[in-house]
>>> print(open('my_file-v8.pdb').read())   # PDB, C-alpha atoms
ATOM      1  CA  MET A   1      34.437  12.085 -66.648
ATOM      2  CA  GLU A   2      32.914  11.645 -70.062
ATOM      3  CA  PRO A   3      35.273  13.407 -72.489
ATOM      4  CA  ILE A   4      32.969  13.855 -75.469
ATOM      5  CA  GLY A   5      30.168  15.350 -73.381
ATOM      6  CA  TYR A   6      32.643  17.587 -71.686
ATOM      7  CA  VAL A   7      34.028  18.831 -74.979
ATOM      8  CA  LYS A   8      30.545  19.439 -76.355
ATOM      9  CA  GLY A   9      29.576  21.412 -73.261
ATOM     10  CA  ALA A  10      32.728  23.485 -73.464
ATOM     11  CA  LEU A  11      32.111  24.229 -77.143
ATOM     12  CA  ALA A  12      28.517  25.262 -76.467
ATOM     13  CA  GLN A  13      29.718  27.618 -73.726
ATOM     14  CA  LEU A  14      32.364  29.060 -76.034
ATOM     15  CA  ASP A  15      29.748  29.534 -78.713
ATOM     16  CA  ALA A  16      27.478  31.450 -76.327
ATOM     17  CA  THR A  17      30.407  33.578 -75.172
ATOM     18  CA  PHE A  18      31.533  34.506 -78.686
ATOM     19  CA  ALA A  19      27.947  35.156 -79.837
ATOM     20  CA  ALA A  20      27.393  37.497 -76.894
ATOM     21  CA  LEU A  21      30.669  39.280 -77.640
ATOM     22  CA  ALA A  22      29.852  39.786 -81.306
ATOM     23  CA  ASP A  23      27.825  42.938 -80.581
ATOM     24  CA  PRO A  24      29.579  46.300 -80.003
ATOM     25  CA  THR A  25      27.000  47.527 -77.447
ATOM     26  CA  ARG A  26      27.460  44.392 -75.391
ATOM     27  CA  ARG A  27      31.223  44.757 -75.555
ATOM     28  CA  ALA A  28      30.879  48.353 -74.362
ATOM     29  CA  ILE A  29      28.677  47.186 -71.484
ATOM     30  CA  LEU A  30      31.324  44.658 -70.480
ATOM     31  CA  ALA A  31      34.011  47.320 -70.697
ATOM     32  CA  ARG A  32      31.939  49.525 -68.375
ATOM     33  CA  LEU A  33      31.392  46.644 -65.925
ATOM     34  CA  ALA A  34      35.120  45.955 -65.876
ATOM     35  CA  SER A  35      35.501  49.097 -63.755
ATOM     36  CA  GLY A  36      32.851  47.992 -61.262
ATOM     37  CA  GLU A  37      29.222  46.896 -60.969
ATOM     38  CA  ALA A  38      26.471  49.164 -62.280
ATOM     39  CA  SER A  39      22.668  49.382 -62.345
ATOM     40  CA  VAL A  40      20.650  49.085 -65.549
ATOM     41  CA  ASN A  41      20.063  52.864 -65.533
ATOM     42  CA  GLU A  42      23.748  53.592 -65.126
ATOM     43  CA  LEU A  43      24.518  51.227 -67.960
ATOM     44  CA  ALA A  44      21.880  52.786 -70.234
ATOM     45  CA  GLU A  45      23.203  56.334 -69.707
ATOM     46  CA  PRO A  46      26.178  56.423 -72.099
ATOM     47  CA  PHE A  47      24.162  54.797 -74.895
ATOM     48  CA  ALA A  48      21.428  56.426 -76.922
ATOM     49  CA  MET A  49      19.227  53.499 -76.031
ATOM     50  CA  SER A  50      16.097  52.828 -74.059
ATOM     51  CA  GLN A  51      16.249  50.871 -70.850
ATOM     52  CA  PRO A  52      14.365  47.919 -72.386
ATOM     53  CA  ALA A  53      16.888  47.780 -75.235
ATOM     54  CA  ILE A  54      19.732  47.702 -72.748
ATOM     55  CA  SER A  55      17.907  45.067 -70.704
ATOM     56  CA  LYS A  56      17.744  42.889 -73.799
ATOM     57  CA  HIS A  57      21.531  43.060 -74.200
ATOM     58  CA  LEU A  58      21.979  42.353 -70.498
ATOM     59  CA  LYS A  59      19.843  39.245 -70.846
ATOM     60  CA  VAL A  60      22.078  37.917 -73.636
ATOM     61  CA  LEU A  61      25.175  38.604 -71.547
ATOM     62  CA  GLU A  62      23.589  36.990 -68.517
ATOM     63  CA  ARG A  63      22.594  33.887 -70.465
ATOM     64  CA  ALA A  64      26.165  33.586 -71.758
ATOM     65  CA  GLY A  65      27.337  33.728 -68.148
ATOM     66  CA  LEU A  66      29.361  36.864 -68.825
ATOM     67  CA  ILE A  67      27.566  38.943 -66.191
ATOM     68  CA  SER A  68      25.569  38.281 -63.026
ATOM     69  CA  ARG A  69      23.470  40.302 -60.600
ATOM     70  CA  GLY A  70      24.973  41.872 -57.514
ATOM     71  CA  LEU A  71      23.513  41.625 -54.009
ATOM     72  CA  ASP A  72      21.697  44.979 -53.769
ATOM     73  CA  ALA A  73      18.050  44.042 -54.361
ATOM     74  CA  GLN A  74      17.004  47.670 -54.966
ATOM     75  CA  ARG A  75      19.514  48.611 -57.664
ATOM     76  CA  ARG A  76      19.946  45.089 -58.987
ATOM     77  CA  PRO A  77      23.443  45.975 -60.191
ATOM     78  CA  ARG A  78      25.116  43.861 -62.857
ATOM     79  CA  LYS A  79      28.677  42.691 -62.485
ATOM     80  CA  LEU A  80      31.239  41.064 -64.710
ATOM     81  CA  GLU A  81      31.943  37.332 -64.586
ATOM     82  CA  ALA A  82      35.516  36.788 -65.646
ATOM     83  CA  LYS A  83      35.580  33.017 -66.126
ATOM     84  CA  PRO A  84      33.880  32.626 -69.544
ATOM     85  CA  LEU A  85      36.028  35.436 -70.932
ATOM     86  CA  ALA A  86      39.132  33.756 -69.647
ATOM     87  CA  GLU A  87      38.016  30.549 -71.339
ATOM     88  CA  ALA A  88      37.404  32.329 -74.650
ATOM     89  CA  ASN A  89      40.846  33.839 -74.356
ATOM     90  CA  GLU A  90      42.281  30.442 -73.597
ATOM     91  CA  TRP A  91      40.767  29.074 -76.780
ATOM     92  CA  LEU A  92      42.476  31.790 -78.821
ATOM     93  CA  GLU A  93      45.694  31.138 -77.000
ATOM     94  CA  ARG A  94      45.433  27.484 -78.012
ATOM     95  CA  TYR A  95      44.766  28.539 -81.601
ATOM     96  CA  ARG A  96      47.975  30.524 -81.589
ATOM     97  CA  GLN A  97      49.853  27.774 -79.813
ATOM     98  CA  PHE A  98      48.654  25.218 -82.318
ATOM     99  CA  TRP A  99      50.094  27.200 -85.223
ATOM    100  CA  GLU A 100      53.286  28.162 -83.431
ATOM    101  CA  VAL A 101      54.046  24.582 -82.485
ATOM    102  CA  SER A 102      53.115  23.366 -85.979
ATOM    103  CA  PHE A 103      55.183  25.980 -87.802
ATOM    104  CA  GLY A 104      58.117  25.248 -85.503
ATOM    105  CA  ARG A 105      57.962  21.631 -86.656
ATOM    106  CA  LEU A 106      57.593  22.801 -90.257
ATOM    107  CA  ASP A 107      60.856  24.778 -89.879
ATOM    108  CA  ALA A 108      62.662  21.571 -88.946
ATOM    109  CA  LEU A 109      61.006  19.609 -91.733
ATOM    110  CA  LEU A 110      61.923  22.220 -94.370
ATOM    111  CA  LEU A 111      65.524  22.132 -93.232
ATOM    112  CA  GLU A 112      65.503  18.375 -93.609
ATOM    113  CA  MET A 113      63.904  18.629 -97.075
ATOM    114  CA  ALA A 114      66.474  21.209 -98.183
ATOM    115  CA  ASP A 115      69.279  18.969 -96.968
ATOM    116  CA  ALA A 116      67.888  15.955 -98.768
ATOM    117  CA  GLU A 117      67.516  17.991-101.952
ATOM    118  CA  LEU A 118      71.079  19.229-101.710
ATOM    119  CA  LYS A 119      72.344  15.675-101.405
ATOM    120  CA  THR A 120      70.483  14.435-104.471
ATOM    121  CA  ARG A 121      71.607  17.471-106.450
ATOM    122  CA  GLN A 122      75.253  16.964-105.595
ATOM    123  CA  PRO A 123      75.727  13.247-105.792
ATOM    124  CA  LYS A 124      79.501  13.686-105.954
ATOM    125  CA  THR A 125      81.224  12.370-102.869
ATOM    126  CA  LEU A 126      81.976  15.232-100.543
ATOM    127  CA  ASP A 127      85.306  15.162 -98.795
ATOM    128  CA  SER A 128      85.315  15.457 -95.026
ATOM    129  CA  ARG A 129      86.221  19.147 -95.144
ATOM    130  CA  THR A 130      83.163  20.376 -97.038
ATOM    131  CA  HIS A 131      80.908  17.800 -95.417
ATOM    132  CA  GLY A 132      80.821  19.596 -92.101
ATOM    133  CA  LYS A 133      80.098  22.998 -93.641
ATOM    134  CA  LYS A 134      76.426  23.090 -94.380
ATOM    135  CA  ARG A 135      76.367  26.861 -94.199
ATOM    136  CA  GLY A 136      78.937  27.106 -96.949
ATOM    137  CA  HIS A 137      76.678  25.087 -99.208
ATOM    138  CA  THR A 138      73.677  27.279 -98.556
ATOM    139  CA  LYS A 139      75.603  30.424 -99.369
ATOM    140  CA  ARG A 140      76.961  29.030-102.555
ATOM    141  CA  ASN A 141      73.472  27.893-103.504
ATOM    142  CA  ARG A 142      72.009  31.334-103.078
ATOM    143  CA  LYS A 143      74.379  32.977-105.545
TER     144      LYS A 143
ATOM    145  CA  MET B   1      64.576  35.271 -85.041
ATOM    146  CA  ASN B   2      61.997  38.023 -85.244
ATOM    147  CA  SER B   3      60.976  37.469 -88.841
ATOM    148  CA  ASP B   4      59.940  33.944 -87.845
ATOM    149  CA  LYS B   5      57.314  35.312 -85.514
ATOM    150  CA  LEU B   6      53.797  34.264 -86.257
ATOM    151  CA  GLN B   7      51.474  37.180 -86.945
ATOM    152  CA  ILE B   8      47.725  36.921 -86.665
ATOM    153  CA  THR B   9      45.873  39.751 -88.369
ATOM    154  CA  THR B  10      42.408  40.670 -89.623
ATOM    155  CA  PRO B  11      42.912  41.988 -93.201
ATOM    156  CA  SER B  12      39.166  42.498 -93.809
ATOM    157  CA  ASP B  13      35.810  42.205 -92.077
ATOM    158  CA  ARG B  14      35.462  38.537 -92.854
ATOM    159  CA  GLU B  15      39.040  37.316 -92.639
ATOM    160  CA  ILE B  16      41.678  36.092 -90.261
ATOM    161  CA  ALA B  17      45.222  35.798 -91.598
ATOM    162  CA  LEU B  18      48.321  34.084 -90.282
ATOM    163  CA  THR B  19      51.678  35.242 -91.609
ATOM    164  CA  ARG B  20      54.970  33.486 -91.057
ATOM    165  CA  VAL B  21      58.367  33.526 -92.774
ATOM    166  CA  PHE B  22      60.144  30.250 -93.491
ATOM    167  CA  ASN B  23      63.793  29.896 -94.294
ATOM    168  CA  ALA B  24      63.196  27.754 -97.385
ATOM    169  CA  PRO B  25      62.216  28.143-101.042
ATOM    170  CA  ARG B  26      58.503  28.027-101.647
ATOM    171  CA  ARG B  27      58.471  24.850-103.705
ATOM    172  CA  LEU B  28      59.517  23.038-100.510
ATOM    173  CA  VAL B  29      56.873  24.838 -98.444
ATOM    174  CA  PHE B  30      54.299  23.968-101.100
ATOM    175  CA  ASP B  31      55.273  20.292-100.895
ATOM    176  CA  ALA B  32      55.096  20.398 -97.095
ATOM    177  CA  PHE B  33      51.516  21.704 -97.387
ATOM    178  CA  THR B  34      50.289  19.283-100.016
ATOM    179  CA  LYS B  35      51.974  15.883 -99.599
ATOM    180  CA  PRO B  36      50.225  13.845 -96.889
ATOM    181  CA  GLU B  37      53.377  12.150 -95.630
ATOM    182  CA  LEU B  38      54.938  15.613 -95.137
ATOM    183  CA  VAL B  39      51.804  17.330 -93.772
ATOM    184  CA  LYS B  40      51.560  14.635 -91.088
ATOM    185  CA  ARG B  41      55.058  15.458 -89.928
ATOM    186  CA  TRP B  42      54.280  19.023 -88.903
ATOM    187  CA  LEU B  43      50.502  19.485 -88.661
ATOM    188  CA  SER B  44      50.089  16.756 -86.049
ATOM    189  CA  GLY B  45      48.772  19.106 -83.375
ATOM    190  CA  LEU B  46      49.764  20.129 -79.880
ATOM    191  CA  PRO B  47      51.873  17.798 -77.746
ATOM    192  CA  GLY B  48      49.786  14.781 -76.761
ATOM    193  CA  TRP B  49      47.911  14.771 -80.068
ATOM    194  CA  SER B  50      48.505  12.746 -83.225
ATOM    195  CA  MET B  51      47.167  12.922 -86.761
ATOM    196  CA  PRO B  52      45.850   9.486 -87.717
ATOM    197  CA  VAL B  53      44.076  10.718 -90.855
ATOM    198  CA  CYS B  54      45.600  12.968 -93.504
ATOM    199  CA  GLU B  55      44.137  12.481 -96.959
ATOM    200  CA  ILE B  56      44.788  14.863 -99.832
ATOM    201  CA  ASP B  57      43.438  14.659-103.357
ATOM    202  CA  LEU B  58      45.341  17.587-104.821
ATOM    203  CA  ARG B  59      43.266  18.700-107.783
ATOM    204  CA  VAL B  60      40.532  21.282-108.243
ATOM    205  CA  GLY B  61      37.368  19.639-106.921
ATOM    206  CA  GLY B  62      39.433  17.092-104.976
ATOM    207  CA  LYS B  63      38.847  16.593-101.260
ATOM    208  CA  TYR B  64      41.102  16.628 -98.249
ATOM    209  CA  ARG B  65      40.462  15.360 -94.766
ATOM    210  CA  TYR B  66      42.418  15.737 -91.527
ATOM    211  CA  VAL B  67      41.663  14.076 -88.196
ATOM    212  CA  TRP B  68      43.536  14.722 -84.956
ATOM    213  CA  ARG B  69      43.330  12.494 -81.887
ATOM    214  CA  GLN B  70      44.219  13.229 -78.298
ATOM    215  CA  ASP B  71      46.231  10.187 -77.290
ATOM    216  CA  SER B  72      45.236  10.252 -73.602
ATOM    217  CA  ASP B  73      41.469   9.909 -74.019
ATOM    218  CA  GLY B  74      40.886   9.307 -77.729
ATOM    219  CA  THR B  75      39.050  12.610 -78.300
ATOM    220  CA  GLU B  76      38.977  13.294 -82.025
ATOM    221  CA  MET B  77      38.747  16.512 -83.969
ATOM    222  CA  GLY B  78      38.258  16.393 -87.703
ATOM    223  CA  MET B  79      38.080  18.848 -90.557
ATOM    224  CA  GLY B  80      38.052  18.771 -94.312
ATOM    225  CA  GLY B  81      37.051  20.491 -97.509
ATOM    226  CA  VAL B  82      37.400  20.746-101.264
ATOM    227  CA  TYR B  83      40.200  22.308-103.319
ATOM    228  CA  ARG B  84      39.051  25.246-105.409
ATOM    229  CA  GLU B  85      42.300  26.505-106.844
ATOM    230  CA  ILE B  86      45.807  25.079-107.036
ATOM    231  CA  VAL B  87      48.690  27.068-108.468
ATOM    232  CA  LYS B  88      51.909  25.216-107.780
ATOM    233  CA  PRO B  89      54.020  26.422-105.981
ATOM    234  CA  GLU B  90      52.313  29.657-104.959
ATOM    235  CA  ARG B  91      48.677  29.337-104.080
ATOM    236  CA  ILE B  92      46.133  26.885-102.703
ATOM    237  CA  VAL B  93      42.482  27.741-102.135
ATOM    238  CA  ALA B  94      40.208  25.258-100.380
ATOM    239  CA  THR B  95      37.005  25.240 -98.386
ATOM    240  CA  GLU B  96      37.290  24.179 -94.768
ATOM    241  CA  LYS B  97      34.881  23.017 -92.151
ATOM    242  CA  PHE B  98      35.461  21.476 -88.742
ATOM    243  CA  ASP B  99      33.288  18.486 -87.816
ATOM    244  CA  GLN B 100      32.270  20.284 -84.642
ATOM    245  CA  ALA B 101      32.197  23.769 -86.071
ATOM    246  CA  TRP B 102      31.483  26.475 -83.520
ATOM    247  CA  TYR B 103      30.734  28.910 -86.329
ATOM    248  CA  SER B 104      28.166  28.887 -89.088
ATOM    249  CA  GLY B 105      28.823  28.083 -92.723
ATOM    250  CA  GLU B 106      31.945  27.008 -94.518
ATOM    251  CA  ALA B 107      35.169  28.973 -94.421
ATOM    252  CA  VAL B 108      37.483  29.366 -97.409
ATOM    253  CA  GLY B 109      41.185  29.012 -96.712
ATOM    254  CA  THR B 110      43.866  30.482 -98.965
ATOM    255  CA  VAL B 111      47.518  29.614 -98.645
ATOM    256  CA  SER B 112      49.748  32.050-100.479
ATOM    257  CA  LEU B 113      53.528  31.633-100.751
ATOM    258  CA  VAL B 114      55.828  34.483-101.758
ATOM    259  CA  GLU B 115      59.519  33.757-102.144
ATOM    260  CA  GLN B 116      62.259  36.316-101.770
ATOM    261  CA  GLY B 117      65.979  35.708-101.272
ATOM    262  CA  GLY B 118      65.452  32.029-100.596
ATOM    263  CA  LYS B 119      62.886  32.710 -97.875
ATOM    264  CA  THR B 120      59.172  32.151 -98.152
ATOM    265  CA  THR B 121      56.466  34.302 -96.646
ATOM    266  CA  LEU B 122      53.403  32.227 -95.962
ATOM    267  CA  THR B 123      50.050  33.948 -95.641
ATOM    268  CA  GLN B 124      47.234  31.678 -94.631
ATOM    269  CA  THR B 125      43.883  33.417 -94.805
ATOM    270  CA  MET B 126      40.535  32.142 -93.573
ATOM    271  CA  LEU B 127      37.528  33.849 -95.132
ATOM    272  CA  TYR B 128      34.313  33.353 -93.194
ATOM    273  CA  GLU B 129      30.705  33.543 -94.295
ATOM    274  CA  SER B 130      30.098  36.878 -92.615
ATOM    275  CA  LYS B 131      31.716  39.446 -90.392
ATOM    276  CA  GLU B 132      29.617  38.076 -87.538
ATOM    277  CA  THR B 133      31.010  34.594 -88.040
ATOM    278  CA  ARG B 134      34.571  35.848 -88.267
ATOM    279  CA  ASP B 135      34.022  37.909 -85.139
ATOM    280  CA  ALA B 136      32.555  34.918 -83.400
ATOM    281  CA  VAL B 137      35.667  32.958 -84.256
ATOM    282  CA  LEU B 138      38.262  35.475 -83.309
ATOM    283  CA  LYS B 139      37.892  39.194 -83.265
ATOM    284  CA  SER B 140      35.260  40.130 -80.734
ATOM    285  CA  PRO B 141      37.110  39.309 -77.542
ATOM    286  CA  MET B 142      40.047  41.291 -78.842
ATOM    287  CA  GLU B 143      38.000  44.452 -79.101
ATOM    288  CA  SER B 144      36.232  44.151 -75.796
ATOM    289  CA  GLY B 145      39.409  44.622 -73.810
ATOM    290  CA  VAL B 146      37.542  43.989 -70.615
ATOM    291  CA  ALA B 147      39.837  41.907 -68.479
ATOM    292  CA  ALA B 148      43.455  41.630 -67.505
ATOM    293  CA  SER B 149      43.585  38.255 -69.213
ATOM    294  CA  TYR B 150      43.245  40.155 -72.452
ATOM    295  CA  ASP B 151      46.845  41.253 -72.292
ATOM    296  CA  ARG B 152      47.728  37.938 -73.903
ATOM    297  CA  LEU B 153      45.117  38.592 -76.532
ATOM    298  CA  ALA B 154      46.592  41.976 -77.397
ATOM    299  CA  ASP B 155      49.869  40.177 -77.784
ATOM    300  CA  LEU B 156      48.229  37.585 -79.954
ATOM    301  CA  LEU B 157      46.753  40.200 -82.227
ATOM    302  CA  GLY B 158      49.718  42.504 -82.087
ATOM    303  CA  GLY B 159      49.897  42.759 -85.846
ATOM    304  CA  THR B 160      46.273  43.757 -86.310
ATOM    305  CA  LYS B 161      45.569  46.876 -88.267
TER     306      LYS B 161
END
>>> encode(input="my_file-v8.pdb", output="structure tokens")
Amino acid sequence: MEPIGYVKGALAQLDATFAALADPTRRAILARLASGEASVNELAEPFAMSQPAISKHLKVLERAGLISRGLDAQRRPRKLEAKPLAEANEWLERYRQFWEVSFGRLDALLLEMADAELKTRQPKTLDSRTHGKKRGHTKRNRK
Amino acid sequence: MNSDKLQITTPSDREIALTRVFNAPRRLVFDAFTKPELVKRWLSGLPGWSMPVCEIDLRVGGKYRYVWRQDSDGTEMGMGGVYREIVKPERIVATEKFDQAWYSGEAVGTVSLVEQGGKTTLTQTMLYESKETRDAVLKSPMESGVAASYDRLADLLGGTK
């Protein structure tokens, strides 16, 4: 496996997915297809749009791999492809994970920084009794 | 702790904002965001990643550059930008652009720190070139609500207005 090529391909796919999803009509079409496959006419019905206009949107969705054509040659129904959506969702999940993991580490770092600051501010030797009571220090500090 | 929960919201058409409360005064949070040796300690990425490059020239017009590397296969991801505004210890505004940006144009990131009762509320806002770009980055899949997998997404954007 060639990692860089793989990453580039994945990013291009993600790009196509997000671009296709950026339009409200296309999102509505996907929402409709989530409840089952539908013909172009059926898809055009709820929108005040011509069939060619709808077909244009369908082409974008098809190119992004978000929909495909069902088996019925007469109706040529469109159906939802879940995989690219799942991948887009996964990207967002990673985005969230990245910040959650990072901020979790930042919590620990801030605690360490606060401790270090406390020590330099109170250079007096602490006896063993107060030494173990970090919470006591924090409270006193807040007042 | 609930207040520590990360919130991802969309305050305007062109923005994505992260909000998080830290149990520390903001001067410490400010340092953790602006001193390279500290930034490296927490912004090093997901497990399996490291941050070999973290350069910060903290002045208006100064540049910063971050590079992350996946240790297993050496894949690198870099980003950087220029500082536009620095108000210690409450606000940092900088442009940001990923090397392999999947969106068009440059985004502007604002870090704002508000301290109350010894705790700091961080709001990190990314302002994109257009609504379309912002949507391409984040919002669109949230609205489509087309698949079961979107439950996680609803969770992710739970704080969205």
>>> resolve_selection(input="my_file-v8.pdb", expression="the PyMOL selection byres ((chain B and resi 59) around 12)", output="list in words")
Thr34, Ile56, Asp57, Leu58, Val60, Gly61, Gly62, Lys63, Tyr64, Val82, Tyr83, Arg84, Glu85, Ile86, Val87, Lys88, Ile92, Val93 and Ala94 of chain B
>>> residues_around(input="my_file-v8.pdb", residues="Arg105 in chain A", least_positions_apart="2", cutoff="12 Å", atoms="only C-alpha atoms", output="list in words")
Phe98, Trp99, Glu100, Val101, Ser102, Phe103, Asp107, Ala108, Leu109, Leu110, Leu111 and Glu112 of chain A; Phe22, Ala32, Leu38, Val39, Lys40, Arg41, Trp42, Leu43, Ser44, Gly45, Leu46 and Pro47 of chain B
>>> resolve_selection(input="my_file-v8.pdb", expression="the PyMOL selection byres ((chain A) within 6 of (chain B))", output="PDB file with C-alpha atoms, keeping the file's coordinate frame")
ATOM      1  CA  ASP A  15      29.748  29.534 -78.713  1.00  0.00           C
ATOM      2  CA  PHE A  18      31.533  34.506 -78.686  1.00  0.00           C
ATOM      3  CA  ALA A  19      27.947  35.156 -79.837  1.00  0.00           C
ATOM      4  CA  LEU A  21      30.669  39.280 -77.640  1.00  0.00           C
ATOM      5  CA  ALA A  22      29.852  39.786 -81.306  1.00  0.00           C
ATOM      6  CA  ARG A  27      31.223  44.757 -75.555  1.00  0.00           C
ATOM      7  CA  ALA A  31      34.011  47.320 -70.697  1.00  0.00           C
ATOM      8  CA  ALA A  34      35.120  45.955 -65.876  1.00  0.00           C
ATOM      9  CA  PHE A  98      48.654  25.218 -82.318  1.00  0.00           C
ATOM     10  CA  SER A 102      53.115  23.366 -85.979  1.00  0.00           C
ATOM     11  CA  ARG A 105      57.962  21.631 -86.656  1.00  0.00           C
ATOM     12  CA  LEU A 106      57.593  22.801 -90.257  1.00  0.00           C
TER      13      LEU A 106
END
>>> closest_residue(input="my_file-v8.pdb", among="A:Ser55, A:Thr25, A:Ser50, A:Ser39", to="Asp72 in chain A", atoms="only C-alpha atoms")
A:Ser39
>>> resolve_selection(input="my_file-v8.pdb", expression="the PyMOL selection byres ((chain B and resi 79) around 9)", output="PDB file with C-alpha atoms, in the coordinates of the input")
ATOM      1  CA  TYR B  64      41.102  16.628 -98.249  1.00  0.00           C
ATOM      2  CA  ARG B  65      40.462  15.360 -94.766  1.00  0.00           C
ATOM      3  CA  TYR B  66      42.418  15.737 -91.527  1.00  0.00           C
ATOM      4  CA  VAL B  67      41.663  14.076 -88.196  1.00  0.00           C
ATOM      5  CA  TRP B  68      43.536  14.722 -84.956  1.00  0.00           C
ATOM      6  CA  MET B  77      38.747  16.512 -83.969  1.00  0.00           C
ATOM      7  CA  GLY B  78      38.258  16.393 -87.703  1.00  0.00           C
ATOM      8  CA  GLY B  80      38.052  18.771 -94.312  1.00  0.00           C
ATOM      9  CA  GLY B  81      37.051  20.491 -97.509  1.00  0.00           C
ATOM     10  CA  GLU B  96      37.290  24.179 -94.768  1.00  0.00           C
ATOM     11  CA  LYS B  97      34.881  23.017 -92.151  1.00  0.00           C
ATOM     12  CA  PHE B  98      35.461  21.476 -88.742  1.00  0.00           C
ATOM     13  CA  ASP B  99      33.288  18.486 -87.816  1.00  0.00           C
ATOM     14  CA  GLN B 100      32.270  20.284 -84.642  1.00  0.00           C
ATOM     15  CA  ALA B 101      32.197  23.769 -86.071  1.00  0.00           C
TER      16      ALA B 101
END
>>> atom_distance(input="my_file-v8.pdb", atom1="CA of Thr125 in chain B", atom2="CA of Glu90 in chain B")
13.7 Å
>>> atom_distance(input="my_file-v8.pdb", atom1="CA of Ser130 in chain B", atom2="CA of Gly109 in chain B")
14.2 Å
>>> atom_distance(input="my_file-v8.pdb", atom1="CA of Glu55 in chain B", atom2="CA of Glu106 in chain B")
19.1 Å
>>> decode(input="my_file-v8.pdb", residues="range 29-86 of chain B", atoms="C-alpha atoms", output="PDB file, in the first residue's frame")
ATOM      1  CA  VAL B  29      -4.107  28.581  29.039  1.00  0.00           C
ATOM      2  CA  PHE B  30      -2.657  31.427  26.981  1.00  0.00           C
ATOM      3  CA  ASP B  31       0.872  30.159  27.641  1.00  0.00           C
ATOM      4  CA  ALA B  32      -0.170  26.614  26.732  1.00  0.00           C
ATOM      5  CA  PHE B  33      -1.431  27.939  23.377  1.00  0.00           C
ATOM      6  CA  THR B  34       1.540  30.114  22.524  1.00  0.00           C
ATOM      7  CA  LYS B  35       4.763  28.564  23.858  1.00  0.00           C
ATOM      8  CA  PRO B  36       6.038  25.869  21.477  1.00  0.00           C
ATOM      9  CA  GLU B  37       7.430  23.622  24.198  1.00  0.00           C
ATOM     10  CA  LEU B  38       3.982  23.653  25.866  1.00  0.00           C
ATOM     11  CA  VAL B  39       1.923  23.411  22.651  1.00  0.00           C
ATOM     12  CA  LYS B  40       3.869  20.274  21.703  1.00  0.00           C
ATOM     13  CA  ARG B  41       2.851  18.646  24.955  1.00  0.00           C
ATOM     14  CA  TRP B  42      -0.869  18.679  24.239  1.00  0.00           C
ATOM     15  CA  LEU B  43      -1.448  19.339  20.527  1.00  0.00           C
ATOM     16  CA  SER B  44       0.546  16.297  19.425  1.00  0.00           C
ATOM     17  CA  GLY B  45      -2.415  14.587  17.775  1.00  0.00           C
ATOM     18  CA  LEU B  46      -4.249  11.307  18.133  1.00  0.00           C
ATOM     19  CA  PRO B  47      -2.475   8.294  19.619  1.00  0.00           C
ATOM     20  CA  GLY B  48       0.167   7.074  17.178  1.00  0.00           C
ATOM     21  CA  TRP B  49       0.956  10.598  15.989  1.00  0.00           C
ATOM     22  CA  SER B  50       3.706  12.991  17.048  1.00  0.00           C
ATOM     23  CA  MET B  51       4.380  16.666  16.443  1.00  0.00           C
ATOM     24  CA  PRO B  52       7.922  17.031  15.105  1.00  0.00           C
ATOM     25  CA  VAL B  53       7.467  20.668  14.067  1.00  0.00           C
ATOM     26  CA  CYS B  54       5.968  23.402  16.230  1.00  0.00           C
ATOM     27  CA  GLU B  55       7.263  26.868  15.441  1.00  0.00           C
ATOM     28  CA  ILE B  56       5.674  30.026  16.803  1.00  0.00           C
ATOM     29  CA  ASP B  57       6.714  33.602  16.157  1.00  0.00           C
ATOM     30  CA  LEU B  58       4.273  35.294  18.506  1.00  0.00           C
ATOM     31  CA  ARG B  59       3.885  38.798  17.131  1.00  0.00           C
ATOM     32  CA  VAL B  60       1.444  40.410  14.724  1.00  0.00           C
ATOM     33  CA  GLY B  61       2.652  39.419  11.257  1.00  0.00           C
ATOM     34  CA  GLY B  62       4.680  36.542  12.723  1.00  0.00           C
ATOM     35  CA  LYS B  63       4.237  33.017  11.389  1.00  0.00           C
ATOM     36  CA  TYR B  64       3.504  29.702  13.008  1.00  0.00           C
ATOM     37  CA  ARG B  65       3.863  26.227  11.614  1.00  0.00           C
ATOM     38  CA  TYR B  66       2.737  22.838  12.921  1.00  0.00           C
ATOM     39  CA  VAL B  67       3.512  19.438  11.418  1.00  0.00           C
ATOM     40  CA  TRP B  68       2.124  16.129  12.661  1.00  0.00           C
ATOM     41  CA  ARG B  69       3.524  12.729  11.706  1.00  0.00           C
ATOM     42  CA  GLN B  70       1.945   9.313  11.925  1.00  0.00           C
ATOM     43  CA  ASP B  71       4.682   7.220  13.488  1.00  0.00           C
ATOM     44  CA  SER B  72       3.692   3.940  11.798  1.00  0.00           C
ATOM     45  CA  ASP B  73       4.056   5.031   8.170  1.00  0.00           C
ATOM     46  CA  GLY B  74       5.541   8.530   8.284  1.00  0.00           C
ATOM     47  CA  THR B  75       2.448  10.235   6.827  1.00  0.00           C
ATOM     48  CA  GLU B  76       2.700  13.948   7.530  1.00  0.00           C
ATOM     49  CA  MET B  77       0.057  16.604   7.906  1.00  0.00           C
ATOM     50  CA  GLY B  78       1.082  20.221   8.148  1.00  0.00           C
ATOM     51  CA  MET B  79      -0.598  23.551   8.701  1.00  0.00           C
ATOM     52  CA  GLY B  80       0.401  27.103   9.402  1.00  0.00           C
ATOM     53  CA  GLY B  81      -0.498  30.752   9.166  1.00  0.00           C
ATOM     54  CA  VAL B  82       0.187  34.305  10.259  1.00  0.00           C
ATOM     55  CA  TYR B  83      -0.768  36.048  13.507  1.00  0.00           C
ATOM     56  CA  ARG B  84      -3.122  38.967  12.993  1.00  0.00           C
ATOM     57  CA  GLU B  85      -3.928  39.957  16.538  1.00  0.00           C
ATOM     58  CA  ILE B  86      -2.433  39.078  19.909  1.00  0.00           C
TER      59      ILE B  86
END
